[in-house]
Amino acid sequence: MSPLRIVVAVFLGVIVVARGQRQGKFFDASFTADGDTYKWRADLNMDQLGKTVDSLVSSFDTALDNLSETIERQVDSSLPLWMRPHQNVEDIGAISGSLGDGIDDGLKVFFKDRIDGERVEGPEADAEAEFDPTRGTGPTPPNNRPGFGSSFPFNPFFPFGGFNRGSGFNLFSNRRGYWWKGPNVCVDREEVDEGIDSTTDPTLESSGPSFAFSLGHMEMTTCRDTASTYTCTTKTSRRGIHKTVTLTYKCCHGYIKEPSGCTEIDMRSMPDTLEDIGSTDFLSMTRSAGMEEMLAGQNLTVFAPTNEAMQEFTADLEEETEIDNGLEVDRSLNEVYARRQRSLDAHDMVLAHMTRGFHYASDLHDEQVLLSLADNSTLRINTYSTVPPSATVNCARLISINQHSANGVVHTIDRVLRPVTRSLAELVAADPQFSILKQLISNAGMLPKLREPGQLTLFAPTDAAFRTLPEPLLESLLEGNACLDSILKNHVLPNVICSAAVQQGKARTANLLDSYLLLERTDEDKMFVSGGGMEDEASSSSSAQIVAKDVVATNGVMHVVDAPLMPQEAKPVRKVLESHNLTRFMDLLEIAGMSEEMDSLNDVTIFAPSNAAIDSIPEDAKLKILDDPEQLRNILNYHIVTPSLKGDDVNNNHIADTRADLPIRINLYPRTPLLTGLILGPGGRRSVKLTAGCSPVSALDSRACGAVVHVVERLFVLPQETVMDHLEDSGDFSIFTQMVKKTGVNETLAQEGPFTVLAPSDHVFRTLPKNELDHLMEDVELQEQLVKLHVLNEHVCCAGINPNTWLFMDHKRTLDGHSSVHVRRTASGRLMAGPARITHCSAPTQNGLVHTVNQLFMNVNPNRNGSGSVGLSGASVGTKRPIFSAPALEVLFG
C-alpha cells in the first residue's frame, strides 16, 4: 500500500469508527451468535473503508494526472514551435542564429512552405473533429487528451530526449497508461437531471451560504479506473439546477483490456463459444428446442448453466417423476414444492437464460433487473460482499464471466434458471400449502407490498408450519391479532438475500421491523433462520429450517420455512411490562380493570411509570387516586398514546394524542446545547434527554404485540387547559396573575404556546419594601416589562435543564423578545433561572408550564439608575444575549 493510501485509510478509519453507521444490506463472514461483535463491526467498516479508499485514491490520481497534463500543455505552448514534441523534423527547413542566454535567444526556424509562428497542425487541431462514442477512432474526448507522442527519432538539440514523451507520461511519474484514450474504446453516457433545488424558489426565504451557492455555478468531476472500465462522473449545479453526467469508457465488443490498451481477440459464434467453455448440455437443449439459429443470429447475453448444473437439473426431474409415480413414499417438503413447480417448457426455459444486448460483468450491479427473452420473465442481478465476493442471477451463482462471442457475451452459472413471471403475492396465492399465510397477509393489508415491483425476501411458512403454534394463538392471528403485522414483517427482508449469500457459518440481515434475522448454513448444507433481535443482540426467540430455497419472483425471492418466526414484538404487553419489573404499574392496571385490555391494544405507545415513580407519590394522594377507579382509569389512559412512537420518531414539542382524550407533549433537550444535532449517542440517537409530560424517559423502545413501551420516572398528571388556568387556580400567584391580566398578557398566555412562566409567588412581592411594591402596582408599563421578563417562549421542563458548566451557558429567550434568562442546574442540584431559584416545578398544562421562583428578575426600585433592568444579583437581564453562549470559547478566542 502506498503512503498516500495509508494516510487516507487511517483518516477514513477514524471517521468510520466514529460514525459507526450500519451497513445497508447484508452482514456476513465471521459473525457468530456469541462471538465478538466488535470484530464483526470492524470487518464491515474495513470492507467499506477499502472501497472508499480505492475511490479516493483513484480520484486523487486523476486529479494529479489532469494537473500534470495541464502543466505539460502550458510548458509546450511556451516553447518555440520547432521544439514542440508534436512537430515533425521533416517540416523544418532550416535553423539559423546562435544560442544565447535564453532558451530561444537568437534562433530562427524556417518551416517548409510556412513562416515561423504559423499554427502547426497536431493533436489539438483535430480536437474539433467529431468524436464517435461507440468506437475510439476519433479524437480524444475533452479533458482527456493523450500524452504527446514521439515526434522524430532523434533531436539534435536535446539528444537525451527531454521532450520525447510517450503516452501516459506525467510530471509525477508514469503511474499508468491512459488506455481509455486509445483506439477501440467505447463510451457510454448517462445523464441524470436531478431537478431544481427548492432554494431557488422565489417564494421561499433563503439566506446564507446555501442561498448564495444556489445562485452560483459549481462543477466537480471525479474519475475512477477499474479493472475493465474508466468512469468519470461530473456533477454540475447552475442556479440551483443540478445535473449528473457519467461517462464510462470500456473496450468495445471484441476487445479486452490489457496494460497496453484494448486488444482485439478472436471470436467465434455463440454456439461455438458455448461448446468451447464446456456448456455443451445447455447447447444441446437449445438445439433440441430448435433455437440454435436464433442463438447465432442475435446480439445476446447468455447466462449458461454448466454441464454439472444441467445434470443436477435432470436428476431433479427424474426424482420428481419418481414421486409422481409413487416410487418414493417418504417425501420432504422441499421435494413436494419442487414437484409442484416443475411444469416447464424447454423453449421458455432456454429463453429464460438470455437477454438482448451486451452485458459484461462491469455493466451488472446489485438489484439490477433485466428482461429475459421469455415472455414477461425477468433476470435479477445481486451482489454480496462475502469472502470471496459472490454475484447471482435469479439466485444462481455466476461461475465465470465475460466469455466473448461474435454476437454476444456468455456468463456461466451453477444452476438452471426457470422463467420468472409472478410476484411474491402471486406465488403465495397460487400454492395451496400457503393458504394460512395468504389469509394472514390479506388480513394485515400486505398484499400490495408483496405484489408491487421491489426487492424483497420472504420467509414463507407453510400451513403445516403455522399449525405448530398453540391453537389459541393461531386463531387470534387469523382473527386479526394486534401483533399480526409485526409477525409478518419479521418474515420479510427489504433486500434480496439468495442462499448463495450465506456461506459456511452464520450471517445476519435486517428485516422490515428493523430487527435482525440470523441465517446459518451448516456443514451438511442445511440452512436455518432465526431471530427478531435488536441491533446489538442476536435473538433466538424462534428458529426455522429453510426447506425450499431461492424461489425467485419478479419482485424478490421466497424461501420456504418449516416454522413461523415469532419476533420479540409478538410478546404480549404484560410480558414486556414484567420484563422491566413494572409491578406497581401492573397493580394499578389490575385495580382499574385494564390488565386484559392491555394485551388487545393495537398501534399504541405506553409510557409506563417505574416502581420508583409510583412509590414517590405522597401516600394521601395515592389513596385518593385508588379510591376513585374512574379517575385512576383516566390517569392510566393518559399514559397510552396513539399511534406507536419509537424514540427516533419524535421531535421536540411533539404533541401526541392519548386514550384519555388529552394531549401530551414530548420534548427533546440537548445535553450540550451548543452542539445540538452534532453529537450522536448510543445507537445513533442524538445525545438528548427525552421527556414525556415533563417526566424523564429512562428506557426506550421495548416492543410488544401492538405496542411500544417506554419507561418514565414520574406518574403523569392530567393537565389543565392553559397556563392562565394554572395561575388562576393556584392561590400562590394572585399578585402576579393580577399583573398578567392588567397588562393584557393573559390573552397571549391563552394561545397555543408553548410558554414557560417563571412565576414569583405572592410571598416574593410582599417582601418588597412598601414604596417599591406601591410603585410597581401603580405603573402598568413597569408591570408589563416585569411580566414579560418572567415568561419564556418555549417549553422548559425541569428535567430538561442542563447542569451549569464552564463551557456552555443555556439562555432562554423571554416574551419581551430581546432579553434572555440563564437557566441551569448547579453542582448541588439546585435549579436556577437568572438570579432566582426555582422552588417548585409544575406539571404541564396543555400549552406550557408554571414554575415557582423566589425572586424577581428586575429591580423595581423607583430610584434605579438608567433604563436597563438590573437583576437582584447584579446581572443584566434586559441585555441581548445569545440563546447559547460559550464563555470558555470567549476566554480562549476573545
# chains A, B, ... in the order shown; residues from 1 in each chain; ligands from 1

$ residues_around --residues "Ser284 in chain A" --least-positions-apart "5" --cutoff "12 Å" --atoms "only C-alpha atoms" --output "list in words"
Pro271, Asp272, Leu274, Glu275, Gly278, Ser279, Ala289, Gly290, Met291, Glu292, Ala304, Pro305, Asn307, Met310, Ala346 and Val350 of chain A

$ write_last_selection --atoms "N, CA and C atoms" --output "mmCIF file, in the first residue's frame"
data_model
loop_
_atom_site.group_PDB
_atom_site.id
_atom_site.type_symbol
_atom_site.label_atom_id
_atom_site.label_comp_id
_atom_site.auth_asym_id
_atom_site.auth_seq_id
_atom_site.Cartn_x
_atom_site.Cartn_y
_atom_site.Cartn_z
ATOM 1 N N PRO A 271 -22.882 -20.496 -30.553
ATOM 2 C CA PRO A 271 -22.846 -21.949 -30.306
ATOM 3 C C PRO A 271 -21.430 -22.474 -30.120
ATOM 4 N N ASP A 272 -20.500 -21.989 -30.937
ATOM 5 C CA ASP A 272 -19.118 -22.445 -30.781
ATOM 6 C C ASP A 272 -18.540 -22.003 -29.442
ATOM 7 N N LEU A 274 -20.214 -21.530 -26.621
ATOM 8 C CA LEU A 274 -20.779 -22.397 -25.589
ATOM 9 C C LEU A 274 -20.065 -23.750 -25.563
ATOM 10 N N GLU A 275 -19.748 -24.245 -26.728
ATOM 11 C CA GLU A 275 -19.047 -25.525 -26.790
ATOM 12 C C GLU A 275 -17.628 -25.392 -26.243
ATOM 13 N N GLY A 278 -17.517 -25.350 -22.431
ATOM 14 C CA GLY A 278 -17.990 -26.552 -21.749
ATOM 15 C C GLY A 278 -19.449 -26.550 -21.377
ATOM 16 N N SER A 279 -20.257 -25.654 -21.941
ATOM 17 C CA SER A 279 -21.710 -25.664 -21.678
ATOM 18 C C SER A 279 -22.413 -26.437 -22.784
ATOM 19 N N ALA A 289 -34.582 -27.608 -28.790
ATOM 20 C CA ALA A 289 -35.719 -26.694 -28.835
ATOM 21 C C ALA A 289 -35.787 -25.937 -30.156
ATOM 22 N N GLY A 290 -34.868 -26.238 -31.103
ATOM 23 C CA GLY A 290 -34.869 -25.597 -32.409
ATOM 24 C C GLY A 290 -34.493 -24.136 -32.369
ATOM 25 N N MET A 291 -33.569 -23.761 -31.486
ATOM 26 C CA MET A 291 -33.253 -22.348 -31.282
ATOM 27 C C MET A 291 -31.802 -22.017 -31.594
ATOM 28 N N GLU A 292 -31.081 -22.929 -32.226
ATOM 29 C CA GLU A 292 -29.672 -22.678 -32.488
ATOM 30 C C GLU A 292 -29.489 -21.516 -33.454
ATOM 31 N N ALA A 304 -25.353 -19.120 -19.064
ATOM 32 C CA ALA A 304 -25.375 -20.531 -19.449
ATOM 33 C C ALA A 304 -25.065 -21.425 -18.263
ATOM 34 N N PRO A 305 -25.944 -22.378 -17.955
ATOM 35 C CA PRO A 305 -25.632 -23.337 -16.878
ATOM 36 C C PRO A 305 -24.480 -24.245 -17.288
ATOM 37 N N ASN A 307 -22.375 -27.836 -17.360
ATOM 38 C CA ASN A 307 -22.849 -29.198 -17.590
ATOM 39 C C ASN A 307 -23.284 -29.852 -16.285
ATOM 40 N N MET A 310 -26.725 -28.698 -15.435
ATOM 41 C CA MET A 310 -27.730 -29.343 -16.268
ATOM 42 C C MET A 310 -27.961 -30.782 -15.800
ATOM 43 N N ALA A 346 -39.404 -26.395 -22.603
ATOM 44 C CA ALA A 346 -37.976 -26.279 -22.914
ATOM 45 C C ALA A 346 -37.672 -24.979 -23.646
ATOM 46 N N VAL A 350 -35.035 -22.118 -22.180
ATOM 47 C CA VAL A 350 -33.854 -21.591 -22.862
ATOM 48 C C VAL A 350 -33.910 -20.072 -22.922
#

$ residues_around --residues "range 247-254 of chain A" --least-positions-apart "4" --cutoff "7 Å" --atoms "only C-alpha atoms" --output "list in words"
Arg135, Trp180, Asn184, Val185, Cys186, Val187, Asp188, Arg189, Glu190, Ser228, Thr229, Tyr230, Thr231, Cys232, Thr233, Cys262, Glu264, Ile265, Met267 and His404 of chain A

$ write_last_selection --atoms "N, CA and C atoms" --output "mmCIF file, in the first residue's frame"
data_model
loop_
_atom_site.group_PDB
_atom_site.id
_atom_site.type_symbol
_atom_site.label_atom_id
_atom_site.label_comp_id
_atom_site.auth_asym_id
_atom_site.auth_seq_id
_atom_site.Cartn_x
_atom_site.Cartn_y
_atom_site.Cartn_z
ATOM 1 N N ARG A 135 -16.841 3.956 -30.897
ATOM 2 C CA ARG A 135 -15.514 3.422 -31.195
ATOM 3 C C ARG A 135 -14.492 4.508 -30.901
ATOM 4 N N TRP A 180 -7.835 4.334 -21.776
ATOM 5 C CA TRP A 180 -9.152 4.774 -22.230
ATOM 6 C C TRP A 180 -9.074 5.858 -23.311
ATOM 7 N N ASN A 184 -10.334 1.712 -30.094
ATOM 8 C CA ASN A 184 -11.215 0.585 -29.756
ATOM 9 C C ASN A 184 -11.831 0.722 -28.361
ATOM 10 N N VAL A 185 -12.013 1.972 -27.950
ATOM 11 C CA VAL A 185 -12.663 2.253 -26.670
ATOM 12 C C VAL A 185 -14.049 2.809 -26.935
ATOM 13 N N CYS A 186 -15.056 2.226 -26.315
ATOM 14 C CA CYS A 186 -16.436 2.688 -26.452
ATOM 15 C C CYS A 186 -16.832 3.476 -25.202
ATOM 16 N N VAL A 187 -17.722 4.430 -25.418
ATOM 17 C CA VAL A 187 -18.116 5.328 -24.333
ATOM 18 C C VAL A 187 -19.632 5.269 -24.145
ATOM 19 N N ASP A 188 -20.051 5.020 -22.928
ATOM 20 C CA ASP A 188 -21.469 5.095 -22.557
ATOM 21 C C ASP A 188 -21.681 6.375 -21.773
ATOM 22 N N ARG A 189 -22.689 7.121 -22.150
ATOM 23 C CA ARG A 189 -23.000 8.382 -21.474
ATOM 24 C C ARG A 189 -24.354 8.260 -20.791
ATOM 25 N N GLU A 190 -24.368 8.602 -19.510
ATOM 26 C CA GLU A 190 -25.613 8.605 -18.748
ATOM 27 C C GLU A 190 -25.792 9.978 -18.118
ATOM 28 N N SER A 228 -11.735 -2.987 -15.664
ATOM 29 C CA SER A 228 -12.258 -3.062 -17.021
ATOM 30 C C SER A 228 -12.854 -1.764 -17.530
ATOM 31 N N THR A 229 -13.039 -0.773 -16.677
ATOM 32 C CA THR A 229 -13.672 0.474 -17.109
ATOM 33 C C THR A 229 -12.937 1.670 -16.530
ATOM 34 N N TYR A 230 -13.189 2.804 -17.158
ATOM 35 C CA TYR A 230 -12.743 4.091 -16.624
ATOM 36 C C TYR A 230 -13.984 4.979 -16.602
ATOM 37 N N THR A 231 -14.382 5.405 -15.419
ATOM 38 C CA THR A 231 -15.647 6.123 -15.254
ATOM 39 C C THR A 231 -15.382 7.500 -14.694
ATOM 40 N N CYS A 232 -15.953 8.498 -15.350
ATOM 41 C CA CYS A 232 -15.873 9.885 -14.878
ATOM 42 C C CYS A 232 -17.283 10.392 -14.630
ATOM 43 N N THR A 233 -17.507 10.886 -13.432
ATOM 44 C CA THR A 233 -18.808 11.434 -13.060
ATOM 45 C C THR A 233 -18.656 12.924 -12.813
ATOM 46 N N CYS A 262 -6.709 -1.618 -25.467
ATOM 47 C CA CYS A 262 -7.744 -2.577 -25.840
ATOM 48 C C CYS A 262 -7.234 -3.438 -26.996
ATOM 49 N N GLU A 264 -7.583 -6.679 -29.593
ATOM 50 C CA GLU A 264 -8.583 -7.485 -30.288
ATOM 51 C C GLU A 264 -8.377 -8.956 -29.965
ATOM 52 N N ILE A 265 -9.487 -9.677 -29.864
ATOM 53 C CA ILE A 265 -9.429 -11.110 -29.579
ATOM 54 C C ILE A 265 -10.168 -11.859 -30.682
ATOM 55 N N MET A 267 -12.928 -14.231 -32.001
ATOM 56 C CA MET A 267 -14.255 -14.563 -31.518
ATOM 57 C C MET A 267 -14.923 -15.548 -32.459
ATOM 58 N N HIS A 404 -16.425 -13.961 -24.581
ATOM 59 C CA HIS A 404 -16.817 -13.231 -25.775
ATOM 60 C C HIS A 404 -17.231 -14.188 -26.890
#

$ select_by_dssp --residues "range 256-457 of chain A" --states "alpha helix (DSSP H)" --output "VMD selection string"
chain A and resid 270 to 276 280 to 288 292 to 297 307 to 324 333 to 340 346 to 351 424 to 430 435 to 443 447 to 451

$ residues_around --residues "range 791-796 of chain A" --least-positions-apart "3" --cutoff "7 Å" --atoms "only C-alpha atoms" --output "PDB file with C-alpha atoms, in the first residue's frame"
ATOM      1  CA  PRO A 754     -45.761  26.650  24.435  1.00  0.00           C
ATOM      2  CA  PHE A 755     -44.819  29.005  27.277  1.00  0.00           C
ATOM      3  CA  THR A 756     -42.898  28.602  30.486  1.00  0.00           C
ATOM      4  CA  VAL A 757     -43.947  31.041  33.205  1.00  0.00           C
ATOM      5  CA  LEU A 758     -41.359  31.596  35.935  1.00  0.00           C
ATOM      6  CA  VAL A 787     -44.347  40.010  33.455  1.00  0.00           C
ATOM      7  CA  LYS A 788     -42.727  39.530  30.041  1.00  0.00           C
ATOM      8  CA  GLY A 800     -34.530  19.252  30.693  1.00  0.00           C
ATOM      9  CA  LYS A 812     -33.759  31.127  27.203  1.00  0.00           C
ATOM     10  CA  ARG A 813     -35.486  33.915  25.271  1.00  0.00           C
ATOM     11  CA  THR A 814     -38.168  35.854  27.166  1.00  0.00           C
ATOM     12  CA  LEU A 815     -41.511  37.119  25.942  1.00  0.00           C
ATOM     13  CA  GLY A 848     -46.963  25.232  28.853  1.00  0.00           C
ATOM     14  CA  LEU A 849     -45.613  25.255  32.380  1.00  0.00           C
TER      15      LEU A 849
END

$ residues_around --residues "Thr383 in chain A" --least-positions-apart "5" --cutoff "6 Å" --atoms "only C-alpha atoms" --output "number ranges by chain"
A: 366, 390-391

$ write_last_selection --atoms "N, CA and C atoms" --output "mmCIF file, in the first residue's frame"
data_model
loop_
_atom_site.group_PDB
_atom_site.id
_atom_site.type_symbol
_atom_site.label_atom_id
_atom_site.label_comp_id
_atom_site.auth_asym_id
_atom_site.auth_seq_id
_atom_site.Cartn_x
_atom_site.Cartn_y
_atom_site.Cartn_z
ATOM 1 N N ASP A 366 -25.855 -4.517 -8.346
ATOM 2 C CA ASP A 366 -26.790 -5.101 -7.390
ATOM 3 C C ASP A 366 -28.215 -4.609 -7.629
ATOM 4 N N SER A 390 -19.474 -12.703 -4.101
ATOM 5 C CA SER A 390 -20.289 -13.526 -4.985
ATOM 6 C C SER A 390 -21.327 -12.665 -5.680
ATOM 7 N N ALA A 391 -21.748 -13.132 -6.850
ATOM 8 C CA ALA A 391 -22.800 -12.462 -7.620
ATOM 9 C C ALA A 391 -23.745 -13.530 -8.137
#

$ select_by_dssp --residues "range 400-463 of chain A" --states "strand (DSSP E)" --output "PyMOL selection string"
chain A and resi 400-405+408-413+456-461

$ closest_residue --among "A:Ala592, A:Cys797, A:Met724, A:Ile399" --to "Ser842 in chain A" --atoms "only C-alpha atoms"
A:Cys797

$ closest_residue --among "A:Ala548, A:Asp732, A:Ile606, A:Leu636" --to "Leu589 in chain A" --atoms "only C-alpha atoms"
A:Leu636

$ residues_around --residues "Leu718 in chain A" --least-positions-apart "3" --cutoff "9 Å" --atoms "only C-alpha atoms" --output "list in words"
Asn634, Ile635, Tyr638, Ala660, Leu662, Ala843, Pro844 and Thr845 of chain A

$ write_last_selection --atoms "C-alpha atoms" --output "PDB file, in the first residue's frame"
ATOM      1  CA  ASN A 634     -58.283   8.288  33.155  1.00  0.00           C
ATOM      2  CA  ILE A 635     -54.770   8.678  34.574  1.00  0.00           C
ATOM      3  CA  TYR A 638     -53.272   9.303  29.770  1.00  0.00           C
ATOM      4  CA  ALA A 660     -57.740   9.974  27.866  1.00  0.00           C
ATOM      5  CA  LEU A 662     -55.980  14.841  26.350  1.00  0.00           C
ATOM      6  CA  ALA A 843     -46.911  19.627  35.991  1.00  0.00           C
ATOM      7  CA  PRO A 844     -47.529  20.583  32.342  1.00  0.00           C
ATOM      8  CA  THR A 845     -50.660  22.299  31.117  1.00  0.00           C
TER       9      THR A 845
END

$ atom_distance --atom1 "CA of Gly505 in chain A" --atom2 "CA of Val547 in chain A"
17.7 Å
